[in-house]
file query.txt (compact mmCIF, C-alpha atoms)
# COMPACT_ATOMS: atom_id res chain seq x y z
CA MET S 164 -6.53 -1.09 26.53
CA ILE S 165 -7.24 -3.45 23.63
CA CYS S 166 -7.41 -2.01 20.11
CA LYS S 167 -8.12 -3.59 16.76
CA ILE S 168 -6.29 -1.70 14.04
CA GLU S 169 -7.05 -2.29 10.36
CA SER S 170 -5.06 -0.46 7.69
CA LEU S 171 -4.68 -0.35 3.93
CA SER S 172 -2.58 1.77 1.58
CA ASP S 173 -3.18 1.68 -2.18
CA LYS S 174 -1.63 3.69 -5.03
CA GLY S 175 -5.03 4.21 -6.68
CA LYS S 176 -5.85 4.05 -10.39
CA VAL S 177 -3.89 7.02 -11.75
CA ARG S 178 -0.58 7.48 -9.90
CA SER S 179 2.41 5.34 -10.87
CA ASN S 180 3.75 5.12 -7.32
CA ASN S 181 2.45 5.41 -3.77
CA GLU S 182 3.64 8.46 -1.82
CA ASP S 183 1.51 7.59 1.23
CA HIS S 184 2.81 5.74 4.28
CA ILE S 185 0.96 4.31 7.29
CA MET S 186 2.30 3.91 10.82
CA ILE S 187 0.83 1.23 13.06
CA PRO S 188 2.40 -0.26 16.22
CA ASN S 189 5.82 -1.70 15.31
CA GLU S 190 5.65 -0.95 11.58
CA VAL S 191 5.70 1.79 8.93
CA PHE S 192 4.55 0.61 5.50
CA THR S 193 3.10 1.51 2.11
CA ASP S 194 1.30 -0.54 -0.55
CA GLY S 195 -0.51 -3.21 1.38
CA GLU S 196 -2.87 -4.23 4.14
CA ARG S 197 -2.24 -4.89 7.82
CA THR S 198 -4.54 -5.93 10.69
CA VAL S 199 -3.32 -6.05 14.27
CA GLU S 200 -5.02 -6.50 17.61
CA ILE S 201 -2.91 -5.06 20.38
CA GLU S 202 -3.22 -4.79 24.14
CA ASN S 203 -1.20 -1.86 25.38
CA ASN S 204 -1.70 1.38 27.30
CA ILE S 205 0.35 3.32 24.75
CA ILE S 206 -0.68 3.09 21.07
CA GLY S 207 0.14 5.36 18.13
CA VAL S 208 -1.15 5.25 14.55
CA ALA S 209 -0.70 7.76 11.74
CA VAL S 210 -1.09 8.47 8.02
CA ALA S 211 1.29 10.63 5.95
CA ASP S 212 0.68 11.77 2.37
CA GLY S 213 3.94 12.80 0.70
CA MET S 214 4.58 15.27 -2.11
CA GLY S 215 7.43 16.65 -4.18
CA GLY S 216 10.11 15.47 -6.59
CA HIS S 217 10.40 12.18 -8.45
CA LYS S 218 10.67 10.14 -5.25
CA GLY S 219 10.50 12.96 -2.73
CA GLY S 220 6.94 12.39 -1.54
CA GLU S 221 7.39 8.78 -0.56
CA VAL S 222 10.74 9.58 1.06
CA ALA S 223 9.23 12.43 3.10
CA SER S 224 6.21 10.45 4.33
CA LYS S 225 8.39 7.50 5.31
CA MET S 226 10.98 9.66 7.10
CA VAL S 227 8.32 11.48 9.11
CA LEU S 228 6.49 8.33 10.22
CA GLU S 229 9.66 6.44 11.11
CA SER S 230 10.75 9.42 13.21
CA LEU S 231 7.28 9.75 14.76
CA ALA S 232 7.26 6.08 15.78
CA VAL S 233 10.54 6.50 17.69
CA PHE S 234 9.32 9.74 19.27
CA LEU S 235 6.02 8.31 20.53
CA LYS S 236 7.67 5.21 22.00
CA SER S 237 9.94 7.38 24.13
CA LEU S 238 7.30 9.95 25.13
CA VAL S 239 6.37 10.26 28.80
CA LEU S 240 3.28 12.38 29.51
CA LYS S 241 3.69 14.02 32.90
CA GLU S 242 1.22 16.84 32.41
CA GLY S 243 -1.23 15.53 29.84
CA ALA S 244 -2.03 17.79 26.90
CA ALA S 245 0.49 20.48 27.87
CA THR S 246 3.35 17.98 27.79
CA PHE S 247 2.18 16.44 24.53
CA ARG S 248 1.98 19.82 22.78
CA LYS S 249 5.42 20.88 23.98
CA GLU S 250 7.09 17.59 23.05
CA ILE S 251 5.48 17.24 19.62
CA ASP S 252 6.42 20.82 18.71
CA THR S 253 10.03 19.98 19.56
CA TRP S 254 9.82 16.80 17.48
CA LEU S 255 8.28 18.72 14.56
CA GLU S 256 11.13 21.23 14.52
CA GLY S 257 13.67 18.41 14.35
CA ILE S 258 12.06 16.31 11.63
CA HIS S 259 11.22 19.38 9.53
CA HIS S 260 14.88 20.36 9.62
CA GLU S 261 15.87 16.81 8.59
CA LEU S 262 13.63 16.96 5.52
CA LEU S 263 15.05 20.31 4.47
CA LEU S 264 18.62 19.06 4.89
CA SER S 265 17.87 15.96 2.84
CA GLY S 266 16.61 18.19 0.04
CA GLU S 267 19.79 20.27 0.17
CA ARG S 268 21.99 17.17 -0.04
CA ASP S 269 19.99 15.51 -2.85
CA ASN S 270 18.47 17.80 -5.46
CA SER S 271 15.91 15.14 -6.43
CA LEU S 272 14.43 15.51 -2.93
CA ASN S 273 14.47 19.31 -2.89
CA GLY S 274 11.04 20.69 -1.91
CA MET S 275 9.70 17.39 -0.63
CA GLY S 276 7.09 17.44 2.13
CA THR S 277 4.25 15.49 3.65
CA THR S 278 0.95 15.86 5.44
CA LEU S 279 0.42 14.03 8.72
CA THR S 280 -2.49 12.92 10.83
CA GLY S 281 -2.24 10.71 13.89
CA LEU S 282 -3.94 9.29 16.96
CA PHE S 283 -2.01 8.72 20.20
CA LEU S 284 -3.53 6.74 23.07
CA ASN S 285 -1.64 6.91 26.36
CA GLN S 286 -2.97 5.39 29.61
CA GLY S 287 -6.45 6.91 29.37
CA SER S 288 -5.42 10.03 27.47
CA ALA S 289 -5.99 10.40 23.73
CA PHE S 290 -4.78 13.02 21.26
CA VAL S 291 -5.47 13.63 17.59
CA PHE S 292 -2.96 15.71 15.63
CA ASN S 293 -2.44 16.85 12.05
CA ALA S 294 -0.55 18.99 9.58
CA GLY S 295 -2.12 19.47 6.15
CA ASP S 296 -5.30 17.83 4.85
CA SER S 297 -5.01 14.21 5.92
CA ARG S 298 -7.88 13.65 8.33
CA THR S 299 -8.93 11.86 11.49
CA TYR S 300 -12.62 11.13 12.10
CA PHE S 301 -14.70 9.70 14.93
CA LEU S 302 -17.64 7.40 14.16
CA ASP S 303 -20.48 7.37 16.67
CA ARG S 304 -23.76 5.51 16.04
CA GLY S 305 -23.38 5.84 12.28
CA SER S 306 -22.47 9.53 12.38
CA LEU S 307 -19.03 10.63 11.22
CA THR S 308 -17.35 13.66 12.82
CA GLN S 309 -14.15 15.18 11.43
CA LEU S 310 -11.80 15.85 14.36
CA THR S 311 -9.01 17.52 12.39
CA LYS S 312 -9.04 20.79 10.43
CA ASP S 313 -7.79 20.86 6.84
CA HIS S 314 -4.89 23.29 6.41
CA THR S 315 -5.93 24.31 2.91
CA LEU S 316 -6.63 27.56 1.09
CA ASP S 317 -10.38 27.03 0.78
CA ARG S 318 -10.67 26.29 4.51
CA ALA S 319 -8.62 29.35 5.47
CA THR S 320 -10.49 31.76 3.19
CA GLY S 321 -13.96 30.29 3.48
CA SER S 322 -14.05 30.06 -0.33
CA PRO S 323 -15.12 26.53 -1.32
CA HIS S 324 -14.70 27.34 -5.04
CA ARG S 325 -10.93 27.52 -4.58
CA LYS S 326 -8.83 24.39 -5.09
CA SER S 327 -9.23 22.32 -1.93
CA ASN S 328 -5.86 20.59 -2.38
CA MET S 329 -3.84 23.82 -2.16
CA LEU S 330 -2.00 23.21 1.11
CA LEU S 331 -1.04 25.99 3.50
CA ASN S 332 0.74 23.68 5.93
CA CYS S 333 2.82 20.50 5.77
CA ILE S 334 6.07 19.09 7.15
CA GLY S 335 8.98 20.00 4.88
CA ALA S 336 8.55 22.13 1.73
CA ILE S 337 7.54 25.28 3.65
CA ARG S 338 9.30 27.68 6.01
CA LYS S 339 7.34 27.20 9.23
CA PRO S 340 5.06 24.17 9.73
CA PHE S 341 2.69 23.64 12.64
CA ILE S 342 0.69 20.77 14.11
CA ASP S 343 -2.85 21.10 15.43
CA ILE S 344 -3.54 19.00 18.52
CA LEU S 345 -6.93 18.00 19.92
CA ASP S 346 -7.47 16.28 23.26
CA VAL S 347 -10.03 13.53 22.60
CA SER S 348 -9.61 11.61 25.85
CA HIS S 349 -13.37 11.75 26.42
CA LEU S 350 -13.90 9.76 23.21
CA ALA S 351 -11.42 6.98 24.01
CA LYS S 352 -13.68 4.35 25.54
CA PRO S 353 -14.78 0.80 24.73
CA GLY S 354 -16.65 0.72 21.44
CA SER S 355 -15.08 3.91 20.10
CA LEU S 356 -14.03 3.90 16.44
CA PHE S 357 -11.54 6.29 14.85
CA LEU S 358 -10.75 6.63 11.14
CA LEU S 359 -7.54 8.13 9.74
CA CYS S 360 -7.09 8.73 6.02
CA SER S 361 -5.28 10.61 3.27
CA ASP S 362 -7.15 12.90 0.88
CA GLY S 363 -7.16 10.15 -1.74
CA LEU S 364 -10.21 8.89 0.14
CA THR S 365 -11.96 12.16 0.99
CA ASP S 366 -11.52 13.64 -2.51
CA MET S 367 -13.47 10.67 -3.87
CA LEU S 368 -16.10 10.16 -1.13
CA GLY S 369 -18.16 12.50 1.03
CA ASP S 370 -18.44 12.07 4.80
CA ASP S 371 -21.91 10.51 4.60
CA GLU S 372 -20.72 8.03 2.00
CA ILE S 373 -17.74 7.12 4.16
CA ALA S 374 -20.00 6.60 7.17
CA ASN S 375 -22.34 4.34 5.18
CA LEU S 376 -19.43 2.19 4.04
CA MET S 377 -18.05 1.70 7.53
CA ASN S 378 -20.58 -0.88 8.67
CA ASN S 379 -17.85 -3.50 8.95
CA ASN S 380 -15.22 -1.03 10.23
CA SER S 381 -12.92 -2.20 7.43
CA PRO S 382 -10.78 0.01 5.17
CA ASN S 383 -11.25 -2.39 2.24
CA ASP S 384 -14.73 -1.19 1.27
CA LEU S 385 -13.63 2.45 1.49
CA VAL S 386 -10.56 1.99 -0.71
CA ALA S 387 -12.47 -0.14 -3.20
CA GLU S 388 -15.17 2.51 -3.61
CA ALA S 389 -12.64 5.33 -3.95
CA ASN S 390 -10.94 3.35 -6.70
CA ARG S 391 -14.29 2.63 -8.34
CA ARG S 392 -14.87 6.41 -8.46
CA GLY S 393 -11.59 6.90 -10.28
CA GLY S 394 -8.84 6.49 -7.68
CA LYS S 395 -7.21 9.77 -8.72
CA ASP S 396 -4.72 9.76 -5.84
CA ASN S 397 -3.04 7.36 -3.44
CA ILE S 398 -5.50 6.12 -0.81
CA SER S 399 -4.57 5.26 2.77
CA VAL S 400 -7.04 4.32 5.49
CA VAL S 401 -6.65 3.21 9.12
CA THR S 402 -9.46 2.28 11.51
CA VAL S 403 -8.88 2.01 15.25
CA LYS S 404 -11.55 0.22 17.31
CA ILE S 405 -11.21 0.30 21.11
CA GLU S 406 -12.49 -3.02 22.43
call {"tool": "encode", "arguments": {"input": "query.txt", "output": "structure tokens"}}
result
Amino acid sequence: MICKIESLSDKGKVRSNNEDHIMIPNEVFTDGERTVEIENNIIGVAVADGMGGHKGGEVASKMVLESLAVFLKSLVLKEGAATFRKEIDTWLEGIHHELLLSGERDNSLNGMGTTLTGLFLNQGSAFVFNAGDSRTYFLDRGSLTQLTKDHTLDRATGSPHRKSNMLLNCIGAIRKPFIDILDVSHLAKPGSLFLLCSDGLTDMLGDDEIANLMNNNSPNDLVAEANRRGGKDNISVVTVKIE
């Protein structure tokens, strides 16, 4: 499998620091742009949007993605989706506990947490997963489909007038997190394009606007437009094109 992965993380126009992190093969980073073309049967990418404390958000998002990168490299899928769900739930329990312990040891990190969305390609299988409101989309013939579900109050209650950024689920910061998993193996074929992003993008742009800006499959146009609209939050975008 050959994938072209383009990624960009930007602090936006309002925030003083960037609490987002991006995971691509062989690197976890914030504040910057990366493009890689990789040929491998096992590929993982993810976006994490941190929150809490003076530096807690950026610490949480980095910790989770660094842990996730190690976990995915060592993962062996013997029974497809069933194995993936079991193993990622075990990983979640461990990293969630690590975040809580870090907050107990350092009061400045107390209450820190992070959202997470990721795409894992493994020898013909493909899984999308998320906790919180960072999203993964699939672009097909100009039409954008959201694959993840936002774990927010308005989504849970069906009340769009409520604050959409009120999270009901994240890693760290709450008592019992969970991760939604979707088997998207049927979508992982040559020409397929996936988009992962933090809510710094989707709070600024609607799905149709995002789709219209993805003609070149590049995160740059998306981030630039979100900043032009005000850039009220950190903005992280990853595109994954299967070639």
call {"tool": "residues_around", "arguments": {"input": "query.txt", "residues": "range 371-385 of chain S", "least_positions_apart": "3", "cutoff": "9 Å", "atoms": "all atoms listed in the file", "output": "PyMOL selection string"}}
result
chain S and resi 169-171+196+302+305-307+356+358+364-365+368+388-390+399-404
call {"tool": "atom_distance", "arguments": {"input": "query.txt", "atom1": "CA of Asn293 in chain S", "atom2": "CA of Glu267 in chain S"}}
result
25.4 Å
call {"tool": "atom_distance", "arguments": {"input": "query.txt", "atom1": "CA of Ser179 in chain S", "atom2": "CA of Tyr300 in chain S"}}
result
28.1 Å
call {"tool": "atom_distance", "arguments": {"input": "query.txt", "atom1": "CA of Asp362 in chain S", "atom2": "CA of Phe341 in chain S"}}
result
18.7 Å
call {"tool": "closest_residue", "arguments": {"input": "query.txt", "among": "S:Ser172, S:Arg178, S:His217, S:Pro340", "to": "Ser271 in chain S", "atoms": "only C-alpha atoms"}}
result
S:His217
call {"tool": "closest_residue", "arguments": {"input": "query.txt", "among": "S:Leu240, S:Ile344, S:Ala289, S:Ile185", "to": "Lys312 in chain S", "atoms": "all atoms listed in the file"}}
result
S:Ile344
call {"tool": "closest_residue", "arguments": {"input": "query.txt", "among": "S:Gly195, S:Gly213, S:Pro188, S:Gly363", "to": "Val233 in chain S", "atoms": "only C-alpha atoms"}}
result
S:Pro188
call {"tool": "residues_near_point", "arguments": {"input": "query.txt", "point": "(-1.5, 6.4, -6.4)", "cutoff": "9 Å", "atoms": "only C-alpha atoms", "output": "list in words"}}
result
Asp173, Lys174, Gly175, Lys176, Val177, Arg178, Ser179, Asn180, Asn181, Glu182, Asp183, Gly363, Gly394, Lys395, Asp396, Asn397 and Ile398 of chain S
call {"tool": "closest_residue", "arguments": {"input": "query.txt", "among": "S:Gly295, S:Gly287, S:Gly369, S:Gly281", "to": "Lys352 in chain S", "atoms": "all atoms listed in the file"}}
result
S:Gly287
call {"tool": "closest_residue", "arguments": {"input": "query.txt", "among": "S:Asp303, S:Glu250, S:Asp343, S:Asp296", "to": "Phe234 in chain S", "atoms": "all atoms listed in the file"}}
result
S:Glu250
call {"tool": "closest_residue", "arguments": {"input": "query.txt", "among": "S:Ser355, S:Thr278, S:Thr198, S:Asn189", "to": "Met214 in chain S", "atoms": "all atoms listed in the file"}}
result
S:Thr278
call {"tool": "build_atoms", "arguments": {"input": "query.txt", "residues": "range 269-280 of chain S", "atoms": "N, CA, C and O atoms", "output": "JSON list (two decimals), in the frame of the given file"}}
result
[["chain", "number", "residue", "atom", "x", "y", "z"],
["S", 269, "ASP", "N", 20.41, 16.25, -1.66],
["S", 269, "ASP", "CA", 19.99, 15.51, -2.85],
["S", 269, "ASP", "C", 18.96, 16.35, -3.60],
["S", 269, "ASP", "O", 17.82, 16.50, -3.14],
["S", 270, "ASN", "N", 19.35, 16.89, -4.74],
["S", 270, "ASN", "CA", 18.47, 17.80, -5.46],
["S", 270, "ASN", "C", 17.16, 17.16, -5.87],
["S", 270, "ASN", "O", 16.14, 17.84, -6.02],
["S", 271, "SER", "N", 17.15, 15.82, -6.05],
["S", 271, "SER", "CA", 15.91, 15.14, -6.43],
["S", 271, "SER", "C", 14.88, 15.16, -5.31],
["S", 271, "SER", "O", 13.70, 14.89, -5.54],
["S", 272, "LEU", "N", 15.33, 15.45, -4.07],
["S", 272, "LEU", "CA", 14.43, 15.51, -2.93],
["S", 272, "LEU", "C", 14.11, 16.95, -2.52],
["S", 272, "LEU", "O", 13.37, 17.17, -1.57],
["S", 273, "ASN", "N", 14.67, 17.91, -3.24],
["S", 273, "ASN", "CA", 14.47, 19.31, -2.89],
["S", 273, "ASN", "C", 12.99, 19.69, -2.99],
["S", 273, "ASN", "O", 12.34, 19.43, -4.01],
["S", 274, "GLY", "N", 12.45, 20.28, -1.92],
["S", 274, "GLY", "CA", 11.04, 20.69, -1.91],
["S", 274, "GLY", "C", 10.08, 19.61, -1.46],
["S", 274, "GLY", "O", 8.86, 19.82, -1.48],
["S", 275, "MET", "N", 10.60, 18.46, -1.06],
["S", 275, "MET", "CA", 9.70, 17.39, -0.63],
["S", 275, "MET", "C", 9.02, 17.75, 0.69],
["S", 275, "MET", "O", 9.54, 18.50, 1.51],
["S", 276, "GLY", "N", 7.84, 17.20, 0.90],
["S", 276, "GLY", "CA", 7.09, 17.44, 2.13],
["S", 276, "GLY", "C", 6.03, 16.38, 2.31],
["S", 276, "GLY", "O", 5.85, 15.50, 1.45],
["S", 277, "THR", "N", 5.30, 16.47, 3.40],
["S", 277, "THR", "CA", 4.25, 15.49, 3.65],
["S", 277, "THR", "C", 3.21, 16.05, 4.61],
["S", 277, "THR", "O", 3.52, 16.89, 5.46],
["S", 278, "THR", "N", 1.98, 15.62, 4.43],
["S", 278, "THR", "CA", 0.95, 15.86, 5.44],
["S", 278, "THR", "C", 1.13, 14.82, 6.55],
["S", 278, "THR", "O", 1.90, 13.88, 6.41],
["S", 279, "LEU", "N", 0.38, 15.00, 7.61],
["S", 279, "LEU", "CA", 0.42, 14.03, 8.72],
["S", 279, "LEU", "C", -0.87, 14.12, 9.50],
["S", 279, "LEU", "O", -1.37, 15.21, 9.79],
["S", 280, "THR", "N", -1.44, 12.97, 9.82],
["S", 280, "THR", "CA", -2.49, 12.92, 10.83],
["S", 280, "THR", "C", -2.26, 11.70, 11.69],
["S", 280, "THR", "O", -1.82, 10.65, 11.18]]
